[in-house]
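S.K.: Structure supplied as target.txt; contents: compact mmCIF, C-alpha atoms.
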# COMPACT_ATOMS: atom_id res chain seq x y z
CA MET A 1044 -10.72 -20.99 -51.85
CA SER A 1045 -10.01 -17.52 -50.56
CA THR A 1046 -11.45 -16.45 -47.29
CA THR A 1047 -11.24 -13.00 -45.84
CA PRO A 1048 -9.37 -12.82 -42.56
CA PRO A 1049 -11.49 -12.01 -39.53
CA GLU A 1050 -11.50 -8.39 -38.45
CA PRO A 1051 -9.46 -7.65 -35.34
CA PRO A 1052 -11.52 -7.01 -32.23
CA GLN A 1053 -12.28 -3.39 -31.44
CA GLN A 1054 -10.09 -1.91 -28.72
CA GLN A 1055 -11.67 -0.10 -25.83
CA GLN A 1056 -10.94 3.60 -25.92
CA TYR A 1057 -10.71 5.81 -22.89
CA SER A 1058 -13.36 8.44 -22.53
CA GLY A 1059 -12.16 11.65 -20.99
CA LEU A 1060 -14.75 12.41 -18.34
CA GLY A 1061 -17.82 12.84 -20.51
CA ARG A 1062 -15.89 13.89 -23.57
CA SER A 1063 -15.64 12.02 -26.81
CA PRO A 1064 -13.46 8.88 -26.73
CA VAL A 1065 -9.72 9.41 -26.84
CA SER A 1066 -6.99 6.88 -27.44
CA GLY A 1067 -4.23 8.19 -25.18
CA ALA A 1068 -3.58 9.24 -21.65
CA ILE A 1069 -6.27 11.26 -19.93
CA LEU A 1070 -4.96 14.49 -18.48
CA PRO A 1071 -6.47 15.88 -15.31
CA VAL A 1072 -9.41 18.22 -15.55
CA PRO A 1073 -8.50 21.90 -15.11
CA GLY A 1074 -9.06 23.00 -11.56
CA ASN A 1075 -6.84 20.42 -9.93
CA ALA A 1076 -6.51 19.69 -6.24
CA GLU A 1077 -3.33 21.72 -5.77
CA ILE A 1078 -5.03 24.98 -6.68
CA ALA A 1079 -7.89 24.17 -4.29
CA ILE A 1080 -5.43 23.52 -1.45
CA TRP A 1081 -3.53 26.70 -2.34
CA PHE A 1082 -6.77 28.71 -2.23
CA ILE A 1083 -7.73 27.23 1.17
CA VAL A 1084 -4.28 28.07 2.56
CA GLU A 1085 -4.66 31.63 1.26
CA ILE A 1086 -7.96 31.96 3.09
CA VAL A 1087 -6.38 30.63 6.29
CA LEU A 1088 -3.47 33.08 5.90
CA ALA A 1089 -5.90 35.96 5.42
CA ILE A 1090 -7.78 34.97 8.59
CA VAL A 1091 -4.51 34.68 10.53
CA ALA A 1092 -3.38 38.08 9.22
CA ALA A 1093 -6.66 39.61 10.34
CA VAL A 1094 -6.55 38.07 13.83
CA ALA A 1095 -2.85 37.91 14.80
CA ASP A 1096 -0.96 40.97 15.96
CA ASP A 1097 2.47 39.98 14.62
CA PHE A 1098 1.32 38.60 11.23
CA ASP A 1099 0.24 41.63 9.22
CA ALA A 1100 -0.44 42.34 5.55
CA HIS A 1101 3.29 42.32 4.77
CA GLY A 1102 3.67 38.84 6.29
CA TRP A 1103 0.63 37.66 4.34
CA ALA A 1104 2.09 39.04 1.10
CA VAL A 1105 5.46 37.35 1.70
CA ALA A 1106 3.79 34.03 2.56
CA THR A 1107 1.59 34.31 -0.54
CA THR A 1108 4.64 34.98 -2.72
CA TRP A 1109 6.46 31.90 -1.43
CA LEU A 1110 3.36 29.70 -1.69
CA THR A 1111 2.69 30.85 -5.25
CA ALA A 1112 6.31 30.27 -6.28
CA ALA A 1113 6.25 26.79 -4.73
CA TYR A 1114 2.95 26.01 -6.48
CA ILE A 1115 4.24 27.10 -9.90
CA LEU A 1116 7.47 25.17 -9.39
CA SER A 1117 5.56 22.02 -8.40
CA ARG A 1118 3.33 22.28 -11.48
CA GLY A 1119 6.40 22.72 -13.69
CA ILE A 1120 8.05 19.64 -12.19
CA ALA A 1121 4.86 17.62 -12.64
CA LYS A 1122 4.56 18.64 -16.29
CA ALA A 1123 8.26 18.00 -16.92
CA SER A 1124 7.90 14.47 -15.59
CA ARG A 1125 5.12 13.85 -18.11
CA VAL A 1126 7.31 15.11 -20.95
CA LEU A 1127 10.09 12.67 -20.03
CA GLU A 1128 7.63 9.72 -20.15
CA HIS A 1129 7.11 10.22 -23.89
Turn this file's structure into structure tokens for me.

M.R.:
Amino acid sequence: MSTTPPEPPQQQQYSGLGRSPVSGAILPVPGNAEIAIWFIVEIVLAIVAAVADDFDAHGWAVATTWLTAAYILSRGIAKASRVLEH
């Protein structure tokens, strides 16, 4: 008497925010929170540069350069940590 083994139960798959089902880790949606915070800080710096006497366009450009470098470095560290998990 041969019986067929029962089929294994279906595993739940992750759905990536309205996308088709995926079977791995879900990466964040483009347009993450860091870029929103960076943009808000840029707006604040522009307002300060417009209002303050001793914070001019040069100061705003230097602050923007450092903020952008820090943002890119933080994104690189975050992505590198994901690579090491694999």

S.K.: Could you check how far atom CA of Val1094 of chain A sits from atom CA of Glu1077 of chain A, in Å to one decimal?

M.R.: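 Result for atom CA of Val1094 of chain A versus atom CA of Glu1077 of chain A: 25.7 Å, one decimal.
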
S.K.: In Å, how far is it from atom CA of Ala1100 of chain A to atom CA of Glu1085 of chain A?

M.R.: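 Result for atom CA of Ala1100 of chain A versus atom CA of Glu1085 of chain A: 12.3 Å, one decimal.
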
S.K.: If you measure from atom CA of Ala1092 of chain A to atom CA of Ala1112 of chain A, what distance in Å do you get, rounded to one decimal?

M.R.: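 Pair atom CA of Ala1092 of chain A / atom CA of Ala1112 of chain A returns 19.9 Å.
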
S.K.: Using all atoms listed in the file, pick whichever of A:Ile1083, A:Ala1104, A:Ile1078, A:Asp1099 has the shortest atom-to-atom distance to Ser1117 of chain A.

M.R.: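 Closest residue, counting all atoms listed in the file: A:Ile1078.
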
S.K.: For Leu1110 of chain A, please output as a VMD selection string all residues within 9 Å (counting only C-alpha atoms; exclusion window: fewer than 3 positions along the same chain).

M.R.: chain A and resid 1081 1084 to 1085 1105 to 1107 1113 to 1115

S.K.: From the set A:Thr1111, A:Thr1047, A:Leu1116, A:Val1126, which residue has the shortest atom-to-atom contact distance to Ile1080 of chain A, counting all atoms listed in the file?

M.R.: A:Thr1111
